[in-house]
Structure formats: C-alpha cells, structure tokens
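Raw entry-v1.txt, compact mmCIF, C-alpha atoms and all ligand atoms:
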# COMPACT_ATOMS: atom_id res chain seq x y z
CA MET T 1 -95.66 22.04 -71.03
CA THR T 2 -97.33 24.90 -69.15
CA PRO T 3 -95.14 27.25 -67.08
CA TYR T 4 -96.64 25.73 -63.92
CA ALA T 5 -95.87 22.14 -65.02
CA LEU T 6 -92.35 23.20 -66.01
CA SER T 7 -91.60 24.79 -62.63
CA THR T 8 -93.04 21.74 -60.83
CA ALA T 9 -90.78 19.51 -62.94
CA LEU T 10 -87.75 21.68 -62.13
CA VAL T 11 -88.52 21.59 -58.40
CA LEU T 12 -88.94 17.80 -58.54
CA ALA T 13 -85.66 17.46 -60.45
CA PHE T 14 -83.92 19.63 -57.84
CA PHE T 15 -85.17 17.55 -54.90
CA THR T 16 -84.36 14.29 -56.71
CA ALA T 17 -80.78 15.52 -57.25
CA GLN T 18 -80.60 16.58 -53.60
CA SER T 19 -81.84 13.22 -52.32
CA GLN T 20 -79.38 11.35 -54.57
CA ALA T 21 -76.55 13.41 -53.15
CA ALA T 22 -77.29 12.84 -49.47
CA PRO T 23 -74.30 13.70 -47.24
CA CYS T 24 -72.42 10.81 -45.65
CA LEU T 25 -69.60 10.20 -43.19
CA LYS T 26 -67.37 7.12 -43.30
CA VAL T 27 -64.94 6.10 -40.57
CA THR T 28 -62.40 3.37 -41.41
CA LEU T 29 -59.76 1.93 -39.10
CA THR T 30 -56.55 1.87 -41.16
CA GLY T 31 -54.61 0.10 -38.41
CA THR T 32 -55.56 -1.52 -35.11
CA GLN T 33 -52.26 -2.67 -33.63
CA GLY T 34 -51.77 -1.54 -30.03
CA GLY T 35 -48.32 -0.13 -29.33
CA PRO T 36 -44.99 -0.85 -31.00
CA PRO T 37 -45.28 -4.68 -31.42
CA VAL T 38 -46.62 -6.19 -34.62
CA TYR T 39 -49.03 -9.13 -34.70
CA GLN T 40 -49.99 -11.07 -37.83
CA GLY T 41 -49.47 -8.12 -40.17
CA GLN T 42 -51.80 -5.66 -38.44
CA ALA T 43 -51.07 -2.06 -39.40
CA GLY T 44 -50.21 0.54 -36.78
CA ALA T 45 -52.84 2.86 -35.34
CA GLY T 46 -54.77 5.08 -37.73
CA THR T 47 -58.30 6.19 -38.64
CA LEU T 48 -59.50 7.50 -42.00
CA VAL T 49 -62.46 9.90 -41.73
CA GLN T 50 -64.22 10.69 -45.01
CA TYR T 51 -67.05 13.07 -45.73
CA GLY T 52 -68.95 13.59 -48.94
CA ASP T 53 -72.15 12.34 -50.49
CA ASP T 54 -73.58 9.25 -52.13
CA GLU T 55 -72.30 10.28 -55.54
CA ASN T 56 -68.64 10.36 -54.47
CA ASN T 57 -68.94 7.52 -51.91
CA CYS T 58 -68.29 9.92 -49.01
CA SER T 59 -64.86 10.88 -50.32
CA ALA T 60 -64.92 14.63 -50.99
CA VAL T 61 -62.84 15.28 -47.85
CA ASN T 62 -60.30 12.70 -46.66
CA LEU T 63 -58.73 13.10 -43.22
CA GLN T 64 -56.21 10.70 -41.67
CA PHE T 65 -55.83 10.55 -37.88
CA ASP T 66 -52.50 8.97 -36.89
CA THR T 67 -50.28 7.14 -39.33
CA GLY T 68 -48.90 3.94 -37.83
CA ARG T 69 -46.83 1.35 -39.67
CA GLY T 70 -48.45 0.25 -42.95
CA THR T 71 -50.90 3.14 -43.30
CA THR T 72 -49.99 3.56 -47.00
CA GLN T 73 -50.98 -0.05 -47.73
CA ARG T 74 -54.26 0.18 -45.83
CA LEU T 75 -55.18 3.47 -47.53
CA SER T 76 -54.62 1.87 -50.91
CA GLU T 77 -56.94 -1.00 -49.88
CA ALA T 78 -59.49 1.61 -48.73
CA LYS T 79 -59.27 3.13 -52.25
CA THR T 80 -57.93 6.38 -50.82
CA PRO T 81 -54.39 6.82 -52.10
CA VAL T 82 -52.04 9.00 -50.08
CA GLY T 83 -52.30 11.67 -52.78
CA LYS T 84 -56.00 12.15 -51.98
CA LEU T 85 -55.56 13.09 -48.31
CA ASN T 86 -56.45 16.69 -47.40
CA ALA T 87 -54.98 16.63 -43.90
CA VAL T 88 -53.20 14.42 -41.38
CA PHE T 89 -53.77 14.80 -37.62
CA LEU T 90 -51.44 13.28 -35.03
CA THR T 91 -52.52 12.48 -31.47
CA HIS T 92 -48.97 12.20 -30.11
CA MET T 93 -45.35 11.65 -30.95
CA HIS T 94 -45.10 7.89 -30.42
CA SER T 95 -43.80 5.84 -33.33
CA ASP T 96 -46.78 3.45 -33.38
CA HIS T 97 -48.88 6.51 -34.37
CA THR T 98 -46.39 8.34 -36.61
CA GLU T 99 -43.94 6.00 -38.34
CA GLY T 100 -46.10 5.54 -41.44
CA LEU T 101 -45.93 9.25 -42.28
CA PRO T 102 -42.36 9.36 -43.71
CA ASP T 103 -43.37 6.57 -46.12
CA MET T 104 -46.61 8.36 -47.05
CA MET T 105 -44.88 11.67 -47.65
CA GLN T 106 -42.01 10.20 -49.68
CA LEU T 107 -44.58 8.54 -51.94
CA ARG T 108 -46.52 11.78 -52.35
CA TRP T 109 -43.29 13.72 -53.03
CA HIS T 110 -42.31 11.15 -55.65
CA PHE T 111 -45.55 11.32 -57.65
CA ALA T 112 -47.41 14.46 -56.58
CA SER T 113 -44.79 17.11 -55.84
CA THR T 114 -46.65 19.64 -57.97
CA GLY T 115 -49.97 18.97 -56.22
CA PRO T 116 -51.39 20.55 -53.08
CA LYS T 117 -49.57 20.37 -49.75
CA VAL T 118 -50.98 18.21 -46.97
CA ASP T 119 -51.99 19.96 -43.76
CA LEU T 120 -50.27 18.31 -40.79
CA VAL T 121 -52.23 19.23 -37.66
CA CYS T 122 -50.62 18.46 -34.29
CA SER T 123 -49.62 19.89 -30.92
CA SER T 124 -47.00 22.56 -30.47
CA ASP T 125 -43.75 21.50 -28.77
CA ALA T 126 -44.41 19.97 -25.35
CA SER T 127 -41.76 19.71 -22.66
CA SER T 128 -41.63 16.95 -20.10
CA PRO T 129 -40.55 17.39 -16.47
CA ALA T 130 -37.93 14.72 -17.31
CA GLY T 131 -36.24 17.28 -19.58
CA HIS T 132 -37.14 16.07 -23.10
CA THR T 133 -39.38 17.82 -25.62
CA LEU T 134 -41.96 16.17 -27.88
CA SER T 135 -41.95 18.06 -31.18
CA CYS T 136 -44.25 17.40 -34.11
CA THR T 137 -42.65 20.41 -35.84
CA ASN T 138 -39.21 18.75 -35.74
CA PHE T 139 -40.67 15.44 -36.83
CA ALA T 140 -42.18 17.14 -39.89
CA ARG T 141 -39.09 19.20 -40.69
CA HIS T 142 -36.87 16.11 -40.70
CA ILE T 143 -39.34 13.69 -42.27
CA GLY T 144 -37.13 13.07 -45.33
CA ASP T 145 -33.75 13.26 -43.64
CA ALA T 146 -32.70 9.62 -43.99
CA LEU T 147 -33.45 9.73 -47.72
CA ILE T 148 -31.77 13.12 -48.13
CA ASN T 149 -28.67 11.83 -46.35
CA SER T 150 -28.56 8.62 -48.35
CA GLY T 151 -28.42 10.75 -51.50
CA GLU T 152 -31.71 9.39 -52.86
CA VAL T 153 -33.55 12.71 -52.82
CA ALA T 154 -30.77 14.39 -54.86
CA GLN T 155 -30.73 11.46 -57.30
CA ARG T 156 -34.53 11.60 -57.74
CA LEU T 157 -34.40 15.38 -58.20
CA ALA T 158 -31.77 14.95 -60.93
CA GLU T 159 -34.21 12.78 -62.91
CA ASN T 160 -37.26 14.98 -62.29
CA LYS T 161 -36.75 18.70 -61.67
CA LYS T 162 -40.44 19.21 -60.90
CA ARG T 163 -40.06 17.53 -57.52
CA LEU T 164 -39.78 19.92 -54.57
CA PRO T 165 -36.12 20.64 -53.78
CA GLY T 166 -36.33 20.13 -50.01
CA GLY T 167 -37.73 16.60 -50.24
CA PRO T 168 -40.98 15.38 -48.68
CA ALA T 169 -40.92 17.94 -45.84
CA ASP T 170 -41.70 20.61 -48.47
CA LEU T 171 -45.10 19.01 -49.06
CA LEU T 172 -46.26 19.36 -45.44
CA ASN T 173 -48.14 22.42 -44.27
CA VAL T 174 -47.56 22.16 -40.51
CA MET T 175 -50.39 23.62 -38.40
CA VAL T 176 -49.56 23.36 -34.71
CA PHE T 177 -51.92 24.24 -31.87
CA ASP T 178 -51.67 24.47 -28.09
CA PRO T 179 -53.89 21.69 -26.70
CA THR T 180 -56.56 23.22 -24.45
CA GLU T 181 -58.77 21.97 -21.60
CA GLU T 182 -61.92 22.85 -23.56
CA PRO T 183 -62.54 21.72 -27.14
CA SER T 184 -61.38 24.28 -29.68
CA ARG T 185 -61.41 24.33 -33.48
CA VAL T 186 -58.13 23.40 -35.15
CA TRP T 187 -59.13 22.78 -38.80
CA GLN T 188 -62.03 23.43 -41.14
CA SER T 189 -63.00 22.84 -44.75
CA GLY T 190 -66.51 23.69 -45.91
CA ASP T 191 -69.00 21.77 -43.76
CA VAL T 192 -66.28 19.78 -41.99
CA THR T 193 -64.92 21.06 -38.68
CA VAL T 194 -62.21 19.43 -36.56
CA SER T 195 -61.78 20.39 -32.91
CA ALA T 196 -59.27 19.19 -30.34
CA VAL T 197 -58.58 18.96 -26.62
CA GLY T 198 -55.43 18.20 -24.71
CA SER T 199 -55.54 14.80 -23.02
CA ARG T 200 -53.17 12.81 -20.85
CA HIS T 201 -50.88 10.04 -22.14
CA ILE T 202 -47.54 11.70 -22.89
CA PRO T 203 -46.83 15.46 -23.12
CA GLY T 204 -48.54 17.02 -26.12
CA HIS T 205 -51.20 14.29 -26.49
CA ALA T 206 -54.41 15.57 -28.13
CA SER T 207 -57.79 14.04 -29.02
CA TYR T 208 -59.93 15.14 -31.99
CA ARG T 209 -63.56 15.46 -33.01
CA VAL T 210 -64.88 15.77 -36.57
CA ASP T 211 -68.31 17.33 -37.09
CA THR T 212 -70.13 17.09 -40.41
CA PRO T 213 -73.76 17.40 -41.55
CA ALA T 214 -73.86 13.57 -41.74
CA GLY T 215 -72.64 12.97 -38.19
CA SER T 216 -69.69 13.26 -35.84
CA VAL T 217 -66.77 11.14 -34.70
CA VAL T 218 -64.26 11.45 -31.88
CA ILE T 219 -60.74 10.02 -32.15
CA GLY T 220 -59.49 9.67 -28.59
CA GLY T 221 -56.01 8.37 -29.39
CA ASP T 222 -54.25 6.81 -26.40
CA ALA T 223 -55.89 9.15 -23.88
CA GLY T 224 -56.21 8.15 -20.25
CA ASN T 225 -57.43 9.70 -17.03
CA ASP T 226 -55.68 12.77 -15.63
CA LYS T 227 -55.02 10.79 -12.46
CA PRO T 228 -52.19 8.47 -13.47
CA LYS T 229 -53.34 5.56 -11.27
CA PRO T 230 -56.12 4.42 -8.92
CA PRO T 231 -57.91 5.46 -6.81
CA ARG T 232 -59.92 7.32 -9.49
CA ASP T 233 -63.42 7.17 -10.97
CA SER T 234 -62.34 5.85 -14.37
CA SER T 235 -59.35 5.12 -16.59
CA THR T 236 -60.90 7.30 -19.35
CA SER T 237 -60.18 10.98 -19.93
CA SER T 238 -62.63 13.66 -18.74
CA HIS T 239 -61.35 15.85 -21.60
CA VAL T 240 -62.21 13.21 -24.20
CA GLU T 241 -65.59 12.75 -22.53
CA LYS T 242 -66.30 16.47 -22.86
CA LEU T 243 -65.21 16.36 -26.51
CA ALA T 244 -67.36 13.27 -27.17
CA MET T 245 -70.61 14.59 -25.67
CA GLY T 246 -73.35 13.78 -28.21
CA ALA T 247 -70.88 12.40 -30.80
CA ASP T 248 -72.25 9.58 -32.96
CA ILE T 249 -69.04 7.53 -33.06
CA ILE T 250 -66.13 7.16 -30.65
CA VAL T 251 -62.87 5.60 -31.89
CA HIS T 252 -60.53 4.91 -28.98
CA SER T 253 -57.39 3.00 -28.07
CA THR T 254 -58.30 0.17 -25.71
CA ILE T 255 -56.67 -2.03 -23.13
CA HIS T 256 -58.40 -5.16 -21.87
CA PRO T 257 -58.67 -5.50 -18.07
CA VAL T 258 -56.86 -8.85 -18.38
CA MET T 259 -53.59 -6.84 -18.64
CA GLY T 260 -54.20 -5.24 -15.24
CA PRO T 261 -51.70 -5.56 -12.37
CA ASP T 262 -54.14 -7.83 -10.53
CA LYS T 263 -53.99 -10.45 -13.35
CA GLN T 264 -50.33 -11.64 -13.47
CA SER T 265 -49.39 -10.66 -17.04
CA GLY T 266 -46.39 -8.75 -15.69
CA PHE T 267 -47.42 -5.81 -17.95
CA PRO T 268 -45.96 -2.62 -16.40
CA PRO T 269 -48.69 -0.98 -14.25
CA PRO T 270 -47.84 2.63 -15.32
CA ILE T 271 -48.39 1.67 -19.00
CA TYR T 272 -51.62 -0.16 -18.14
CA PHE T 273 -52.91 2.80 -16.15
CA ARG T 274 -52.22 5.38 -18.88
CA GLN T 275 -54.58 3.62 -21.34
CA SER T 276 -58.41 3.46 -21.22
CA THR T 277 -59.97 0.07 -20.44
CA ALA T 278 -62.71 -1.46 -22.60
CA THR T 279 -65.08 -1.42 -19.61
CA ASP T 280 -64.49 2.24 -18.79
CA LEU T 281 -64.85 3.17 -22.49
CA GLY T 282 -68.25 1.42 -22.49
CA ALA T 283 -69.28 3.51 -19.49
CA MET T 284 -67.98 6.73 -21.09
CA ALA T 285 -69.76 6.06 -24.41
CA THR T 286 -72.98 5.53 -22.44
CA ARG T 287 -72.56 8.90 -20.68
CA THR T 288 -71.82 10.73 -23.95
CA GLY T 289 -74.89 9.18 -25.63
CA SER T 290 -72.81 7.79 -28.50
CA LYS T 291 -74.24 5.13 -30.82
CA HIS T 292 -71.05 3.45 -32.00
CA LEU T 293 -67.90 2.57 -30.06
CA MET T 294 -65.00 1.48 -32.24
CA LEU T 295 -62.24 -0.13 -30.18
CA THR T 296 -58.82 0.13 -31.78
CA HIS T 297 -55.12 -0.06 -30.79
CA LEU T 298 -56.11 -3.25 -28.97
CA ILE T 299 -53.88 -4.36 -26.12
CA PRO T 300 -53.67 -7.29 -26.44
CA PRO T 301 -54.49 -8.06 -30.11
CA MET T 302 -57.34 -10.56 -30.49
CA GLY T 303 -55.92 -14.08 -30.44
CA ALA T 304 -52.39 -13.09 -29.43
CA LYS T 305 -50.71 -15.18 -26.74
CA ARG T 306 -48.39 -12.32 -25.79
CA GLN T 307 -48.29 -8.52 -25.83
CA GLY T 308 -44.62 -7.94 -26.68
CA PRO T 309 -42.79 -9.92 -23.99
CA TYR T 310 -45.82 -10.22 -21.68
CA PRO T 311 -47.94 -13.42 -21.70
CA ILE T 312 -51.72 -12.95 -21.77
CA PRO T 313 -53.39 -14.53 -18.72
CA GLY T 314 -55.86 -17.19 -19.88
CA GLY T 315 -54.00 -17.66 -23.17
CA GLY T 316 -55.58 -14.86 -25.24
CA VAL T 317 -58.50 -12.48 -25.65
CA THR T 318 -61.33 -12.90 -28.18
CA GLU T 319 -63.75 -10.47 -29.83
CA ALA T 320 -66.42 -11.70 -27.39
CA ASP T 321 -64.08 -10.92 -24.45
CA TYR T 322 -63.71 -7.31 -25.65
CA LYS T 323 -67.47 -6.97 -26.23
CA SER T 324 -68.36 -8.33 -22.81
CA ALA T 325 -65.84 -5.99 -21.18
CA VAL T 326 -67.62 -3.05 -22.91
CA THR T 327 -71.04 -4.38 -21.89
CA ASP T 328 -69.78 -4.56 -18.28
CA GLY T 329 -69.47 -0.77 -18.58
CA GLY T 330 -73.19 -0.53 -19.41
CA PHE T 331 -72.94 0.33 -23.12
CA THR T 332 -75.82 -1.00 -25.23
CA GLY T 333 -74.91 0.59 -28.60
CA ASN T 334 -72.94 -0.86 -31.52
CA VAL T 335 -69.50 -2.14 -30.45
CA VAL T 336 -66.91 -2.62 -33.19
CA VAL T 337 -63.86 -4.54 -31.97
CA GLY T 338 -61.36 -3.15 -34.43
CA THR T 339 -59.76 -5.07 -37.27
CA ASP T 340 -57.87 -3.33 -40.06
CA LEU T 341 -60.23 -1.72 -42.63
CA VAL T 342 -63.47 -2.17 -40.67
CA SER T 343 -65.70 0.87 -41.17
CA VAL T 344 -68.88 2.56 -39.97
CA ARG T 345 -70.88 4.73 -42.37
CA LEU T 346 -73.45 7.37 -41.41
CA PRO T 347 -76.26 7.39 -42.18
CA GLN T 348 -76.23 3.62 -41.90
CA PRO T 349 -77.30 1.85 -45.12
ZN ZN W 401 -50.02 3.97 -28.98

Represent the supplied structure as structure tokens.
Ligand SMILES: [Zn+2]
Amino acid sequence: MTPYALSTALVLAFFTAQSQAAPCLKVTLTGTQGGPPVYQGQAGAGTLVQYGDDENNCSAVNLQFDTGRGTTQRLSEAKTPVGKLNAVFLTHMHSDHTEGLPDMMQLRWHFASTGPKVDLVCSSDASSPAGHTLSCTNFARHIGDALINSGEVAQRLAENKKRLPGGPADLLNVMVFDPTEEPSRVWQSGDVTVSAVGSRHIPGHASYRVDTPAGSVVIGGDAGNDKPKPPRDSSTSSHVEKLAMGADIIVHSTIHPVMGPDKQSGFPPPIYFRQSTATDLGAMATRTGSKHLMLTHLIPPMGAKRQGPYPIPGGGVTEADYKSAVTDGGFTGNVVVGTDLVSVRLPQP
C-alpha cells in the first residue's frame, strides 16, 4: 500500500469509527404515578436520562431525576441497576418523588460500598411562611436511620467490614444549590450539563434541564404558575418555560382539566391549581419549540375511576383524552402520555 492509500484508509477507518459511535440521548420514565396514591402497580415519579453513544446504548452517563416508589424495580427493568447511577436530582421534598431513594441507597450500600459515591443534587433548605423547613440535606443525612435503629446496619457491618460504617448516607455526595430565577448550572460531567431554576409548587421546588451533544431534555417536576390560582395566563411555570426554550424534550407532571373545580370531582382547588394542566403544557411546549412532550405524574392515572378519594367525572380518562387536551393547547409535536418505562431516544431511530 502506498503512503497515500494508507493515510486514506486510516482517515476512512477514523470516520467509520466516529459514525458508529454517534452520540445519543435516551429519556425513560421510571414511574408515572401522580401523587401519593398507587394505581395498578405504577411506580412513583421518576425519569432516567442517559447519554452515551451507539456502542454503549446511550449509557455512559446515567442520571435519575426523582425517585418515587418502585424506582429500583423500574431501573432494573431499564437495565440500569442502581449501582450504575452517576447522580440523582430531586425536584422537591414530597414522598411521591423521594421515597424510593432510601431503598436505592440501602441496596447500593449493601453491594457497592467500596464503589463511587452518588451525587445527590437538590435545593438548599427552604423555609415556609407556615414555619416548617423542607430539607434535602436532612433527608440525605437520615436516609438509613430506620435500618440503623433496627440494628440491621450494625449486623450487616459485622458480616462485611468493607461496608461504609455510617450506613447508606455515607454513599451520598450531597450537592445543594439555591434555586434561582434564571437557569444556572448545577452539575456537569464531560459533555453533559445540568442546569436548574426555582419553580413554584412547594418551597424549594426546582426544575432541571440536561444538555448533551445529542439533544436536550427538561424535567419540570410538579411546577406550576407563580400565581397560585386564576386569573392568570396559564397554569404552567414561566421559569420552566425559560428553562425549556429550544429544548428537544419536555417531561412534566400533568393534571387533566377534568379534575378542575368546575367539574365536580371534589378535588381540592389549591392542589389542582398548583399543577400544570395538559392543555397549558401543550401551549408551553409550542412556545418553547419543543418536539416531544412527555406527560408523567398523571392526575388522574389513565383508566382510574378515582384519584385517591376523589371520583373522576365521566368515569375515567383515556390516553386519547390526555392527547386531545394537549392538542387543545396547540401542540403539534410528539405527545407521549406516560406509562412506566416508555422512552424517547435522540436522534430518533
Ligand atoms: Zn408529586
């Protein structure tokens, strides 16, 4: 082979390797239950965001946003064991978004105590005018307390001295931030950047955006409009909208307008008004120019006759009902009405 032919072959080989290893982003809903009830085994709220390339099936970086009930099971079904997570991000200190984390961390402590810590990214302590404080730091510090107090942690340590002496809390690297009005960076690894804004739901609520070379996704959490009730332009958050400008995918908690105070479900109006409706999310996703809207944390769940104690007017809400509510908001992109483990991959196959 001549030197010219050799260099041409090397260049071709390089570009072939590059094209085989195209970057990709995968967003999987690990739980779609809205609020504390449970319906037909749905897991609690959570979203797995993975970035990588074709050769590792987009799994070089694994980020979990919220950790509702059953997250460990869903992650195992998504072939991303708890031990593979790089970081966990919490939108707010409500159990339907956090209660899976003690289970996840106990499991990781049990089998991977000598491995890397998990970054836990969340808001700094937030005080309410009612006098209580929402504290992710305290949640993390006490994450193993029940199992420490039952004596289990000491018993497990006695059989394996390599486990960390303080229990699962020792495996968390807590990274708190003060939620801001404008998006600001809260985490980074290589090409992957996560930014956050403060948004209204309960004190300390934050929404996140992940940017990668393969695309971007916003996780709104349970955000609602700064104005707690009508009259207002929308039920959605202006802070989330700013964060979502130009984002490819929006994942957002959703309430169907059928639960509104004008529809006789008896659902408490303040709880209805602090969520974003499917129709207003459709309008917001249109304004941000997003291509995919993934509805999650569905209130009510599809097919359910009740949301907790509240009957659903009309006997239940279907996938088509959620889609038409979004279309009413003017959105013409891809609507995913969330079920556990549904995913969107960019670029699309
Ligand atoms: Zn919630």

Could the residues of chain T that have an atom at most 6 Å from ligand ZN 401 (chain W) be listed as JSON lines, each with its closest atom pair and the distance in Å to one decimal, counting all atoms listed in the file and ordered by chain and ascending residue number?
{"residue": "T:Gly34", "atom": "CA", "partner": "W:ZN401", "partner_atom": "ZN", "distance": 5.9}
{"residue": "T:Gly35", "atom": "CA", "partner": "W:ZN401", "partner_atom": "ZN", "distance": 4.5}
{"residue": "T:Asp96", "atom": "CA", "partner": "W:ZN401", "partner_atom": "ZN", "distance": 5.5}
{"residue": "T:Asp222", "atom": "CA", "partner": "W:ZN401", "partner_atom": "ZN", "distance": 5.7}

With C-alpha atoms retained, could you export that selection as a short mmCIF file (atom, residue, chain, number, x, y, z; two decimals), in the frame of the given file?
data_model
loop_
_atom_site.label_atom_id
_atom_site.label_comp_id
_atom_site.auth_asym_id
_atom_site.auth_seq_id
_atom_site.Cartn_x
_atom_site.Cartn_y
_atom_site.Cartn_z
CA GLY T 34 -51.77 -1.54 -30.03
CA GLY T 35 -48.32 -0.13 -29.33
CA ASP T 96 -46.78 3.45 -33.38
CA ASP T 222 -54.25 6.81 -26.40
#

Exercise. With only C-alpha atoms as the basis for distance, which of T:Ala140, T:Ala78, T:Ala21, T:Val336 is at the shortest distance from T:Leu293?
Worked result: T:Val336

For this session: Return the single residue from T:Gly198, T:Gly289, T:Gly266, T:Pro102 that is closest to T:Asn334, with distances computed using only C-alpha atoms.
Result: T:Gly289

Problem set entry | Minimum-distance residue to T:Ile250, chosen among T:Ile202, T:Val118, T:Leu75, T:Leu29 (using all atoms listed in the file) |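 For T:Ile250, the nearest of the candidates is T:Leu29.
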
Problem set entry | Of the listed residues T:Arg185, T:Lys305, T:Arg108, T:Arg163, that which approaches T:Val121 most closely, counting all atoms listed in the file | T:Arg185

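Reported to one decimal place, the separation of atom CA of T:Asp125 from atom CA of T:Pro230 is 29.0 Å.
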
For this session: Around the point (-64.7, 12.2, -52.3), in the coordinates given by the file, pick out the residues reaching within 12 Å, counting only C-alpha atoms, and return them as a PyMOL selection string.
Result: chain T and resi 21+23-26+49-63+79-81+84-86

Problem set entry | Spatial neighbours of T:Ile219, 7 Å, all atoms listed in the file, chain gap at least 2 places, as a count of residues only | 8

Leaving out T:Thr28 and any residue of its chain fewer than 5 positions from it, which residues lie within 9 Å of it when counting only C-alpha atoms, given as a PDB file with C-alpha atoms, in the frame of the given file?
ATOM      1  CA  GLY T  46     -54.770   5.080 -37.730  1.00  0.00           C
ATOM      2  CA  THR T  47     -58.300   6.190 -38.640  1.00  0.00           C
ATOM      3  CA  LEU T  48     -59.500   7.500 -42.000  1.00  0.00           C
ATOM      4  CA  VAL T  49     -62.460   9.900 -41.730  1.00  0.00           C
ATOM      5  CA  GLN T  50     -64.220  10.690 -45.010  1.00  0.00           C
ATOM      6  CA  ALA T  78     -59.490   1.610 -48.730  1.00  0.00           C
ATOM      7  CA  ASP T 340     -57.870  -3.330 -40.060  1.00  0.00           C
ATOM      8  CA  LEU T 341     -60.230  -1.720 -42.630  1.00  0.00           C
ATOM      9  CA  VAL T 342     -63.470  -2.170 -40.670  1.00  0.00           C
ATOM     10  CA  SER T 343     -65.700   0.870 -41.170  1.00  0.00           C
ATOM     11  CA  VAL T 344     -68.880   2.560 -39.970  1.00  0.00           C
ATOM     12  CA  ARG T 345     -70.880   4.730 -42.370  1.00  0.00           C
TER      13      ARG T 345
END

Exercise. If we count all atoms listed in the file, what is near T:Gly215 at a cut-off of 8 Å, once residues fewer than 3 positions away on the same chain are taken out, given as a list in words?
Worked result: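 Those residues are Cys24, Leu25, Asp211, Thr212, Ala247, Asp248, Leu346 and Pro347 of chain T.
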
For this session: Determine the nearest neighbour of T:Thr279 from the options T:Ala196, T:Ile143, T:Ala45, T:Ala325, counting only C-alpha atoms.
Result: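 Of all the options, T:Ala325 lies closest to T:Thr279.
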
Problem set entry | Best match for closeness to T:Arg287 among T:Gly131, T:Gly303, T:Pro179, T:Gly246, counting all atoms listed in the file |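 Selected residue with least distance to T:Arg287: T:Gly246.
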
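Straight-line separation from atom CA of T:Ala223 to atom CA of T:Thr236: 7.0 Å.
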
For this session: One decimal, Å: what's the distance from atom CA of T:Tyr39 over to atom CA of T:Ser237, could you say?
Result: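 Spanning atom CA of T:Tyr39 to atom CA of T:Ser237 is a straight-line distance of 27.3 Å.
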
For this session: Using all atoms listed in the file, determine which residues lie at most 12 Å from stretch 173-177 of chain T, disregarding the query and same-chain residues fewer than 6 positions distant; provide the list as a PyMOL selection string.
Result: chain T and resi 86-91+105+116-126+135-141+143+183-188+195-198+204-206

For this session: Might you pull out every residue within 12 Å of T:Gly314, with all atoms listed in the file counted and same-chain residues fewer than 3 positions away left off, and present them as a PyMOL selection string?
Result: chain T and resi 258-259+263-265+303-306+311+317-318+321

Exercise. Using only C-alpha atoms, can you list as a list in words the residues within 12 Å of (-39.9, 14.5, -59.1)?
Worked result: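 Result, sorted by chain then residue number: Gln106, Leu107, Arg108, Trp109, His110, Phe111, Ala112, Ser113, Thr114, Gly115, Glu152, Val153, Ala154, Gln155, Arg156, Leu157, Ala158, Glu159, Asn160, Lys161, Lys162, Arg163, Leu164, Pro165, Gly166, Gly167 and Pro168 of chain T.
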